[in-house]
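Colleague: I'm passing along model12.txt; it holds compact mmCIF, C-alpha atoms.
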```
# COMPACT_ATOMS: atom_id res chain seq x y z
CA MET R 1358 19.19 -1.24 -14.21
CA LEU R 1359 22.93 -1.84 -14.37
CA SER R 1360 23.54 1.35 -16.34
CA ALA R 1361 21.59 3.33 -13.75
CA LEU R 1362 23.59 1.74 -10.93
CA SER R 1363 26.84 2.47 -12.74
CA ALA R 1364 25.79 6.12 -13.06
CA VAL R 1365 25.00 6.31 -9.34
CA GLU R 1366 28.39 4.82 -8.48
CA LYS R 1367 30.13 7.28 -10.80
CA ARG R 1368 28.27 10.17 -9.16
CA PHE R 1369 29.32 8.83 -5.74
CA GLU R 1370 32.98 8.91 -6.78
CA THR R 1371 32.58 12.37 -8.33
CA ILE R 1372 31.12 13.78 -5.11
CA HIS R 1373 34.05 12.35 -3.13
CA GLU R 1374 36.45 14.11 -5.49
CA MET R 1375 34.50 17.38 -5.30
CA MET R 1376 34.49 17.34 -1.50
CA GLY R 1377 38.27 17.00 -1.56
CA ASP R 1378 38.61 20.06 -3.82
CA PRO R 1379 40.02 22.96 -1.72
CA SER R 1380 37.80 25.49 -3.52
CA ILE R 1381 34.70 23.54 -2.48
CA ALA R 1382 35.90 22.39 0.95
CA THR R 1383 35.75 25.99 2.20
CA ASN R 1384 32.15 26.46 0.99
CA ARG R 1385 30.04 25.23 3.91
CA LYS R 1386 26.71 25.30 2.07
CA GLU R 1387 28.09 23.37 -0.88
CA ILE R 1388 29.76 20.80 1.38
CA GLU R 1389 26.50 20.27 3.27
CA LYS R 1390 24.60 19.88 0.01
CA LEU R 1391 27.10 17.35 -1.33
CA GLY R 1392 27.14 15.56 2.01
CA ARG R 1393 23.37 15.09 1.90
CA GLU R 1394 23.55 13.78 -1.66
CA LEU R 1395 26.38 11.43 -0.68
CA ALA R 1396 24.39 10.10 2.27
CA GLY R 1397 21.41 9.51 -0.02
CA ILE R 1398 23.32 7.18 -2.37
CA ARG R 1399 25.91 5.63 -0.04
CA ASP R 1400 23.83 2.54 0.77
CA ILE R 1401 22.92 1.76 -2.83
CA VAL R 1402 26.57 2.08 -3.91
CA ALA R 1403 27.64 -0.30 -1.13
CA VAL R 1404 25.05 -2.89 -2.19
CA TYR R 1405 25.94 -2.44 -5.86
CA ARG R 1406 29.63 -3.06 -5.16
CA GLU R 1407 28.78 -6.18 -3.18
CA TYR R 1408 26.58 -7.29 -6.07
CA LYS R 1409 29.43 -6.78 -8.57
CA LYS R 1410 31.76 -8.90 -6.42
CA LEU R 1411 29.23 -11.73 -6.21
CA LYS R 1412 28.58 -11.51 -9.96
CA ASN R 1413 32.32 -11.64 -10.66
CA ASP R 1414 32.73 -14.71 -8.43
CA PHE R 1415 29.77 -16.36 -10.17
CA ASP R 1416 31.22 -15.67 -13.65
CA GLU R 1417 34.60 -17.09 -12.64
CA ALA R 1418 32.99 -20.27 -11.29
CA LYS R 1419 30.93 -20.57 -14.47
CA ASN R 1420 34.09 -20.29 -16.57
CA VAL R 1421 35.63 -23.14 -14.58
CA LEU R 1422 32.58 -25.27 -15.34
CA GLU R 1423 32.84 -24.53 -19.05
CA GLN R 1424 36.63 -24.71 -19.49
CA GLU R 1425 38.11 -27.03 -16.82
CA SER R 1426 38.09 -30.80 -17.25
CA ASP R 1427 39.19 -31.64 -13.69
CA ALA R 1428 36.21 -33.30 -11.98
CA ASP R 1429 37.04 -31.95 -8.51
CA LEU R 1430 37.35 -28.37 -9.79
CA GLN R 1431 34.10 -28.72 -11.68
CA GLU R 1432 32.31 -29.99 -8.58
CA LEU R 1433 33.58 -27.04 -6.52
CA ALA R 1434 32.54 -24.62 -9.25
CA ARG R 1435 29.10 -26.25 -9.47
CA GLU R 1436 28.59 -25.85 -5.72
CA GLU R 1437 29.72 -22.23 -5.87
CA THR R 1438 27.37 -21.28 -8.72
CA ALA R 1439 24.46 -23.01 -6.94
CA GLU R 1440 25.23 -21.03 -3.79
CA LEU R 1441 25.78 -17.67 -5.51
CA ALA R 1442 22.83 -17.70 -7.95
CA PRO R 1443 20.06 -17.12 -5.34
CA GLN R 1444 22.22 -14.51 -3.55
CA ILE R 1445 22.64 -12.58 -6.79
CA GLU R 1446 18.92 -12.80 -7.58
CA LYS R 1447 18.05 -11.53 -4.11
CA MET R 1448 20.52 -8.66 -4.40
CA GLU R 1449 19.19 -7.69 -7.84
CA GLN R 1450 15.71 -7.44 -6.32
CA LYS R 1451 17.07 -5.29 -3.48
CA LEU R 1452 18.83 -2.99 -5.94
CA ARG R 1453 15.68 -2.57 -8.04
CA LEU R 1454 13.80 -1.51 -4.93
CA MET R 1455 16.57 0.91 -3.93
CA LEU R 1456 16.40 2.53 -7.37
CA LEU R 1457 12.67 3.23 -7.09
CA PRO R 1458 11.89 6.94 -6.67
CA LYS R 1459 11.23 7.73 -3.03
CA ASP R 1460 7.81 9.09 -2.11
CA PRO R 1461 8.55 12.77 -1.34
CA HIS R 1462 6.06 12.68 1.54
CA ASP R 1463 7.49 9.62 3.32
CA ASP R 1464 9.30 11.59 6.03
CA LYS R 1465 6.41 13.95 6.71
CA ASN R 1466 4.07 14.15 9.66
CA ILE R 1467 0.45 13.31 8.92
CA ILE R 1468 -3.09 14.43 9.51
CA LEU R 1469 -5.33 11.51 10.43
CA GLU R 1470 -9.10 11.70 9.99
CA VAL R 1471 -11.44 8.94 11.18
CA ARG R 1472 -15.17 9.24 10.46
CA ALA R 1473 -18.01 6.95 11.45
CA GLY R 1474 -19.95 5.64 8.45
CA THR R 1475 -22.83 3.20 8.21
CA GLY R 1476 -23.81 1.46 11.42
CA GLY R 1477 -25.01 4.19 13.76
CA GLU R 1478 -23.66 4.05 17.32
CA GLU R 1479 -21.63 0.92 16.57
CA ALA R 1480 -19.79 2.78 13.77
CA GLY R 1481 -18.93 5.54 16.24
CA LEU R 1482 -17.51 3.01 18.70
CA PHE R 1483 -15.48 1.43 15.88
CA ALA R 1484 -14.13 4.88 14.95
CA ALA R 1485 -12.88 5.15 18.55
CA ASP R 1486 -11.29 1.69 18.25
CA LEU R 1487 -9.48 2.68 15.06
CA PHE R 1488 -8.25 5.95 16.54
CA ARG R 1489 -6.94 4.08 19.57
CA MET R 1490 -5.24 1.54 17.28
CA TYR R 1491 -3.33 4.26 15.44
CA SER R 1492 -2.58 6.09 18.69
CA ARG R 1493 -1.14 2.93 20.25
CA TYR R 1494 0.97 2.32 17.15
CA ALA R 1495 2.24 5.91 17.29
CA GLU R 1496 3.07 5.42 20.96
CA ARG R 1497 5.09 2.30 20.11
CA GLN R 1498 6.96 4.31 17.46
CA LYS R 1499 7.55 7.15 19.98
CA TRP R 1500 5.53 9.53 17.80
CA LYS R 1501 3.35 12.33 19.13
CA VAL R 1502 -0.44 12.42 18.65
CA ASP R 1503 -2.35 15.71 18.97
CA VAL R 1504 -6.13 15.80 18.59
CA LEU R 1505 -7.20 18.77 16.48
CA SER R 1506 -10.94 18.20 16.57
CA ALA R 1507 -13.32 15.57 17.92
CA SER R 1508 -17.06 15.10 17.66
CA GLU R 1509 -18.19 12.52 20.21
CA THR R 1510 -21.30 10.33 20.06
CA GLY R 1511 -21.94 10.44 23.79
CA LYS R 1512 -21.34 6.71 24.33
CA GLY R 1513 -17.59 6.62 24.01
CA GLY R 1514 -17.52 6.76 20.23
CA PHE R 1515 -16.69 9.42 17.64
CA LYS R 1516 -18.69 10.78 14.75
CA GLU R 1517 -15.38 12.26 13.58
CA ILE R 1518 -11.91 12.75 15.03
CA ILE R 1519 -9.02 14.61 13.42
CA ALA R 1520 -5.45 14.50 14.76
CA THR R 1521 -1.86 15.13 13.77
CA ILE R 1522 0.75 12.39 14.17
CA THR R 1523 4.27 13.77 14.38
CA GLY R 1524 7.31 11.53 13.99
CA GLN R 1525 10.01 10.29 11.63
CA GLY R 1526 8.47 8.25 8.80
CA ALA R 1527 4.87 8.65 9.98
CA TYR R 1528 3.50 9.03 6.46
CA SER R 1529 5.61 6.20 5.04
CA ARG R 1530 4.09 3.74 7.52
CA LEU R 1531 0.48 4.96 7.61
CA LYS R 1532 -0.11 6.09 4.03
CA PHE R 1533 -1.89 2.88 3.00
CA GLU R 1534 -4.62 3.30 5.64
CA SER R 1535 -6.89 5.61 3.63
CA GLY R 1536 -10.18 3.98 2.73
CA VAL R 1537 -13.20 2.23 4.22
CA HIS R 1538 -12.61 -0.04 7.23
CA ARG R 1539 -15.41 -2.50 7.94
CA VAL R 1540 -16.13 -4.19 11.28
CA GLN R 1541 -18.18 -7.30 11.95
CA ARG R 1542 -19.10 -7.91 15.58
CA VAL R 1543 -21.96 -8.33 18.06
CA PRO R 1544 -22.82 -4.95 19.63
CA GLU R 1545 -23.14 -4.88 23.42
CA THR R 1546 -26.77 -3.80 23.01
CA GLU R 1547 -27.61 -6.77 20.74
CA ALA R 1548 -29.58 -9.21 22.93
CA SER R 1549 -29.91 -11.89 20.23
CA GLY R 1550 -26.17 -12.12 19.62
CA ARG R 1551 -26.52 -11.21 15.95
CA VAL R 1552 -23.38 -9.96 14.18
CA HIS R 1553 -23.68 -6.42 12.85
CA THR R 1554 -21.59 -4.85 10.09
CA SER R 1555 -20.49 -1.23 10.43
CA ALA R 1556 -17.93 0.92 8.66
CA CYS R 1557 -15.62 3.90 9.14
CA THR R 1558 -13.65 6.01 6.71
CA VAL R 1559 -9.99 6.77 7.36
CA ALA R 1560 -7.99 9.47 5.60
CA ILE R 1561 -4.23 9.85 5.91
CA MET R 1562 -2.77 13.09 4.53
CA PRO R 1563 0.81 14.40 4.71
CA GLU R 1564 1.08 17.76 6.42
CA ALA R 1565 1.37 20.58 3.90
CA ASP R 1566 2.28 24.23 4.08
CA GLU R 1567 1.57 27.25 1.91
CA VAL R 1568 4.88 26.81 0.10
CA GLU R 1569 3.67 23.45 -1.24
CA VAL R 1570 0.08 24.49 -1.87
CA GLU R 1571 -0.57 27.65 -3.85
CA LEU R 1572 -3.12 29.47 -1.77
CA ASP R 1573 -4.55 32.88 -2.62
CA PRO R 1574 -5.88 34.59 0.55
CA ASN R 1575 -8.67 36.02 -1.61
CA ASP R 1576 -9.90 32.45 -2.18
CA LEU R 1577 -10.57 32.00 1.53
CA LYS R 1578 -13.76 32.86 3.38
CA VAL R 1579 -13.23 32.95 7.14
CA ASP R 1580 -16.22 32.89 9.51
CA VAL R 1581 -16.05 33.12 13.29
CA TYR R 1582 -18.83 32.06 15.61
CA ARG R 1583 -19.48 30.98 19.16
CA SER R 1584 -18.47 27.48 20.19
CA SER R 1585 -21.07 24.93 21.19
CA GLY R 1586 -20.91 21.82 23.34
CA CYS R 1587 -18.31 21.12 26.01
CA GLY R 1588 -15.85 23.90 26.71
CA GLY R 1589 -16.44 25.42 30.14
CA GLN R 1590 -17.42 28.97 30.94
CA SER R 1591 -16.14 30.45 27.68
CA VAL R 1592 -18.67 28.52 25.60
CA ASN R 1593 -21.14 30.83 23.84
CA THR R 1594 -19.48 33.94 25.29
CA THR R 1595 -16.75 34.56 22.71
CA ASP R 1596 -16.50 34.11 18.95
CA SER R 1597 -13.63 31.59 19.20
CA ALA R 1598 -14.81 28.97 16.70
CA VAL R 1599 -13.50 29.30 13.15
CA ARG R 1600 -14.78 28.07 9.80
CA ILE R 1601 -12.54 28.43 6.74
CA THR R 1602 -13.96 27.83 3.26
CA HIS R 1603 -11.79 27.49 0.17
CA ILE R 1604 -14.09 29.13 -2.35
CA PRO R 1605 -12.74 27.55 -5.61
CA THR R 1606 -13.14 23.97 -4.34
CA GLY R 1607 -15.85 24.42 -1.71
CA LEU R 1608 -13.70 22.63 0.89
CA THR R 1609 -14.67 23.71 4.41
CA VAL R 1610 -12.89 23.12 7.72
CA SER R 1611 -14.30 24.08 11.11
CA MET R 1612 -12.47 24.14 14.45
CA GLN R 1613 -13.85 25.01 17.87
CA ASP R 1614 -11.94 22.86 20.36
CA GLU R 1615 -9.64 25.68 21.50
CA LYS R 1616 -10.77 28.72 23.50
CA SER R 1617 -8.47 30.85 21.32
CA GLN R 1618 -9.75 31.96 17.91
CA HIS R 1619 -6.12 32.22 16.75
CA LYS R 1620 -5.40 28.58 17.69
CA ASN R 1621 -8.60 27.34 16.05
CA ARG R 1622 -7.73 29.23 12.87
CA ALA R 1623 -4.20 27.75 12.82
CA LYS R 1624 -5.59 24.24 13.23
CA ALA R 1625 -8.20 24.78 10.52
CA MET R 1626 -5.56 26.06 8.09
CA LYS R 1627 -3.36 23.03 8.78
CA VAL R 1628 -6.19 20.66 7.90
CA LEU R 1629 -7.34 22.72 4.90
CA LEU R 1630 -3.84 22.78 3.37
CA ALA R 1631 -3.51 19.02 3.78
CA ARG R 1632 -6.93 18.41 2.18
CA LEU R 1633 -6.16 20.69 -0.75
CA GLN R 1634 -2.85 18.91 -1.39
CA ASP R 1635 -4.57 15.53 -1.01
CA ALA R 1636 -7.27 16.50 -3.53
CA LYS R 1637 -4.67 17.77 -6.00
CA GLU R 1638 -2.61 14.58 -5.78
CA ALA R 1639 -5.70 12.38 -6.05
CA GLU R 1640 -6.57 14.16 -9.30
CA GLU R 1641 -3.03 13.64 -10.61
CA ALA R 1642 -3.12 9.96 -9.60
CA GLN R 1643 -6.28 9.43 -11.64
CA LYS R 1644 -4.47 10.71 -14.71
CA ARG R 1645 -1.74 8.09 -14.36
CA SER R 1646 -2.36 4.74 -15.99
CA ALA R 1647 -3.38 1.91 -13.66
CA GLU R 1648 -0.32 -0.13 -14.70
CA ARG R 1649 2.05 2.52 -13.40
CA LYS R 1650 0.49 3.16 -10.01
CA SER R 1651 2.95 2.61 -7.21
CA GLN R 1652 0.38 2.39 -4.43
CA VAL R 1653 -1.54 -0.50 -2.96
CA GLY R 1654 -5.09 0.14 -4.12
CA SER R 1655 -6.18 3.50 -5.38
CA GLY R 1656 -6.10 5.34 -2.06
CA ASP R 1657 -9.70 6.31 -2.76
CA ARG R 1658 -11.52 6.85 0.52
CA SER R 1659 -14.59 5.08 -0.87
CA GLU R 1660 -12.57 1.90 -1.45
CA ARG R 1661 -13.21 -0.89 1.09
CA ILE R 1662 -9.73 -1.88 2.13
CA ARG R 1663 -10.08 -3.98 5.29
CA THR R 1664 -12.44 -6.05 7.41
CA TYR R 1665 -12.13 -6.61 11.16
CA ASN R 1666 -14.08 -9.73 12.13
CA PHE R 1667 -14.42 -10.00 15.93
CA PRO R 1668 -16.18 -13.41 16.17
CA GLN R 1669 -13.33 -15.01 14.20
CA GLY R 1670 -10.58 -12.81 15.68
CA ARG R 1671 -9.26 -11.93 12.24
CA MET R 1672 -8.31 -8.92 10.15
CA SER R 1673 -8.36 -9.20 6.35
CA ASP R 1674 -6.76 -6.64 4.05
CA HIS R 1675 -8.58 -7.02 0.73
CA ARG R 1676 -5.95 -5.24 -1.39
CA ILE R 1677 -3.18 -7.75 -0.77
CA ASN R 1678 -5.29 -10.78 0.29
CA LEU R 1679 -3.67 -10.84 3.72
CA THR R 1680 -5.51 -12.34 6.71
CA LEU R 1681 -4.10 -12.21 10.23
CA TYR R 1682 -5.71 -14.03 13.16
CA LYS R 1683 -4.46 -11.65 15.84
CA LEU R 1684 -7.16 -9.01 15.92
CA GLU R 1685 -6.70 -8.04 19.57
CA ALA R 1686 -2.98 -7.40 19.09
CA LEU R 1687 -3.58 -5.42 15.89
CA LEU R 1688 -6.16 -3.19 17.58
CA ASP R 1689 -3.61 -2.62 20.34
CA GLY R 1690 -1.24 -1.09 17.79
CA GLU R 1691 0.89 -4.10 16.84
CA LEU R 1692 0.77 -3.17 13.15
CA ASN R 1693 4.30 -3.66 11.83
CA GLU R 1694 3.59 -7.06 10.23
CA LEU R 1695 0.62 -5.55 8.37
CA PHE R 1696 2.47 -2.37 7.36
CA ASP R 1697 5.53 -4.34 6.20
CA ALA R 1698 3.31 -6.49 3.96
CA LEU R 1699 1.60 -3.41 2.50
CA THR R 1700 4.94 -1.70 1.86
CA PHE R 1701 6.34 -4.79 0.15
CA ALA R 1702 3.23 -5.12 -2.03
CA SER R 1703 3.51 -1.45 -2.98
CA GLN R 1704 7.17 -1.87 -3.94
CA GLU R 1705 6.32 -4.94 -6.02
CA ALA R 1706 3.57 -3.00 -7.80
CA ALA R 1707 5.97 -0.12 -8.42
CA LEU R 1708 8.56 -2.49 -9.91
CA LYS R 1709 5.98 -4.02 -12.23
CA GLY R 1710 4.84 -0.55 -13.26
CA GLU R 1711 8.41 0.51 -13.95
CA LEU R 1712 9.10 -2.59 -16.05
CA ALA R 1713 5.83 -2.11 -17.95
CA GLY R 1714 6.77 1.51 -18.58
CA LYS R 1715 10.16 0.53 -19.99
CA ALA R 1716 8.51 -2.06 -22.22
CA ASP R 1717 6.23 0.66 -23.60
CA ASP R 1718 9.10 3.08 -24.30
```
For this file, produce the structure as structure tokens.
Modeller:
Amino acid sequence: MLSALSAVEKRFETIHEMMGDPSIATNRKEIEKLGRELAGIRDIVAVYREYKKLKNDFDEAKNVLEQESDADLQELAREETAELAPQIEKMEQKLRLMLLPKDPHDDKNIILEVRAGTGGEEAGLFAADLFRMYSRYAERQKWKVDVLSASETGKGGFKEIIATITGQGAYSRLKFESGVHRVQRVPETEASGRVHTSACTVAIMPEADEVEVELDPNDLKVDVYRSSGCGGQSVNTTDSAVRITHIPTGLTVSMQDEKSQHKNRAKAMKVLLARLQDAKEAEEAQKRSAERKSQVGSGDRSERIRTYNFPQGRMSDHRINLTLYKLEALLDGELNELFDALTFASQEAALKGELAGKADD
């Protein structure tokens, strides 16, 4: 770790020198590029330099303990080493985390998909609860939520709802939500007061574009048809609904919420690109050894990740053994405590994977 930190610090100093070079200072593109790189490592260099100062102070105090015979000096040195040791350990942990490779998708917007699973009407109502939970969290973060497609159950629930969430760091905060969410509660229609168990599937995908996903237009089959359901006078009078099928994978996306065929096609392409990228990365993740995974859980949508128990007012995340007795607040979008815990667990797993990898090399 120390050699890597030393290399980062050396690069930091080199960039400073380069930016002061007259031949580079007049090259705007190069200066901007170097400026971005400098900004990306400035914090880690600052922490590393603070760490080196603490380590130097600790070593000096330790030398006093080993070489000085004066009792007062030894006592001062003993107090200093006792005070500095935990600070150094904490800073080493912070530096290890800062050295971890950043998820390239962390700053991206996301596509959120919530689908009702087992449980009939109750599952549809729970899907609506989950969508509201994420929407309220996005609102608290000052992010924007746009519904792309929604299939309602007729009683206030959703069979499926797909939306984009746009905002700085959306993927970094929500990326651990993919999987099966289970709810335990007494449905309003249950006269006997018996607790029912229902489930929904959530998928979180970073937005992708055609630059990131190799897409041959010849691999796409595009069908247009007349919309059905709610939509006003234009329903069943124009071929505005769009279905796009990616022939090699069989992935299909349909959109009919807009009156414009062009808008429906654009929405369908956005979702299709995200699903194709998600499928590709899921395949790559399976190839990596379990010890080196940097995520909490597998991210598999069939994995049961969380239970929401209404009678007990609790939420339990099964991946990190976290239980919070504040279900109402969580469902209202107060999710930072949960997301912080998931992020920390992911970083811990990544550190262990990195150390295991080095031990294997």
Colleague: Please report the interatomic distance between CA of Asn1666 (chain R) and CA of Gln1541 (chain R) in Å with one decimal.
Modeller: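 CA of Asn1666 (chain R) sits 4.8 Å away from CA of Gln1541 (chain R).
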Colleague: I want to know what sits within 12 Å of Ser1673 (chain R), based on all atoms listed in the file, with residues of the same chain fewer than 3 positions away left out; could you give that as a PyMOL selection string?
Modeller: chain R and resi 1538-1541+1661-1667+1669-1670+1676-1684+1687+1695
Colleague: Between R:Tyr1494, R:Tyr1582, R:Phe1533, R:Phe1415, single out the one closest to Glu1446 (chain R), counting only C-alpha atoms.
Modeller: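 Selected residue with least distance to Glu1446 (chain R): R:Phe1415.
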Colleague: At a cut-off of 8 Å, using all atoms listed in the file, what residues contact region 1434-1441 of chain R? Leave out same-chain residues fewer than 4 positions from it and give the result as number ranges by chain.
Modeller: R: 1411, 1415, 1418-1419, 1421-1422, 1430, 1445
Colleague: Given the point (-1.0, 7.8, 21.5) in the file's coordinates, find the residues that have an atom at most 12 Å from it, counting only C-alpha atoms, and give them as a VMD selection string.
Modeller: chain R and resid 1487 to 1504 1520 to 1524 1689 to 1690
Colleague: Keeping C-alpha atoms, export the residues of the selection given above as a CSV table (one decimal), in the frame of the given file.
Modeller:
```csv
chain,number,residue,atom,x,y,z
R,1487,LEU,CA,-9.5,2.7,15.1
R,1488,PHE,CA,-8.2,6.0,16.5
R,1489,ARG,CA,-6.9,4.1,19.6
R,1490,MET,CA,-5.2,1.5,17.3
R,1491,TYR,CA,-3.3,4.3,15.4
R,1492,SER,CA,-2.6,6.1,18.7
R,1493,ARG,CA,-1.1,2.9,20.2
R,1494,TYR,CA,1.0,2.3,17.2
R,1495,ALA,CA,2.2,5.9,17.3
R,1496,GLU,CA,3.1,5.4,21.0
R,1497,ARG,CA,5.1,2.3,20.1
R,1498,GLN,CA,7.0,4.3,17.5
R,1499,LYS,CA,7.6,7.2,20.0
R,1500,TRP,CA,5.5,9.5,17.8
R,1501,LYS,CA,3.4,12.3,19.1
R,1502,VAL,CA,-0.4,12.4,18.6
R,1503,ASP,CA,-2.4,15.7,19.0
R,1504,VAL,CA,-6.1,15.8,18.6
R,1520,ALA,CA,-5.4,14.5,14.8
R,1521,THR,CA,-1.9,15.1,13.8
R,1522,ILE,CA,0.8,12.4,14.2
R,1523,THR,CA,4.3,13.8,14.4
R,1524,GLY,CA,7.3,11.5,14.0
R,1689,ASP,CA,-3.6,-2.6,20.3
R,1690,GLY,CA,-1.2,-1.1,17.8
```
Colleague: Go ahead and compute the interatomic distance for CA of Gly1511 (chain R) and CA of Phe1483 (chain R), in Å to one decimal.
Modeller: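 Distance reported for this atom pair: 13.6 Å.
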Colleague: To one decimal place in Å, what is the distance between CA of Lys1412 (chain R) and CA of Ala1442 (chain R)?
Modeller: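 Atom-to-atom, CA of Lys1412 (chain R) to CA of Ala1442 (chain R), that is 8.7 Å.
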Colleague: Would you kindly return, as a list in words, each protein, DNA or RNA residue with an atom no farther than 10 Å from any atom of Leu1531 (chain R), considering all atoms listed in the file and excluding same-chain residues fewer than 6 positions away?
Modeller: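 Skipping anything fewer than 6 positions along the chain leaves Asp1463, Ile1467, Leu1469, Tyr1491, Tyr1494, Ala1495, Ile1522, Ala1560, Ile1561, Met1562, Pro1563, Leu1692, Phe1696, Leu1699 and Thr1700 of chain R.
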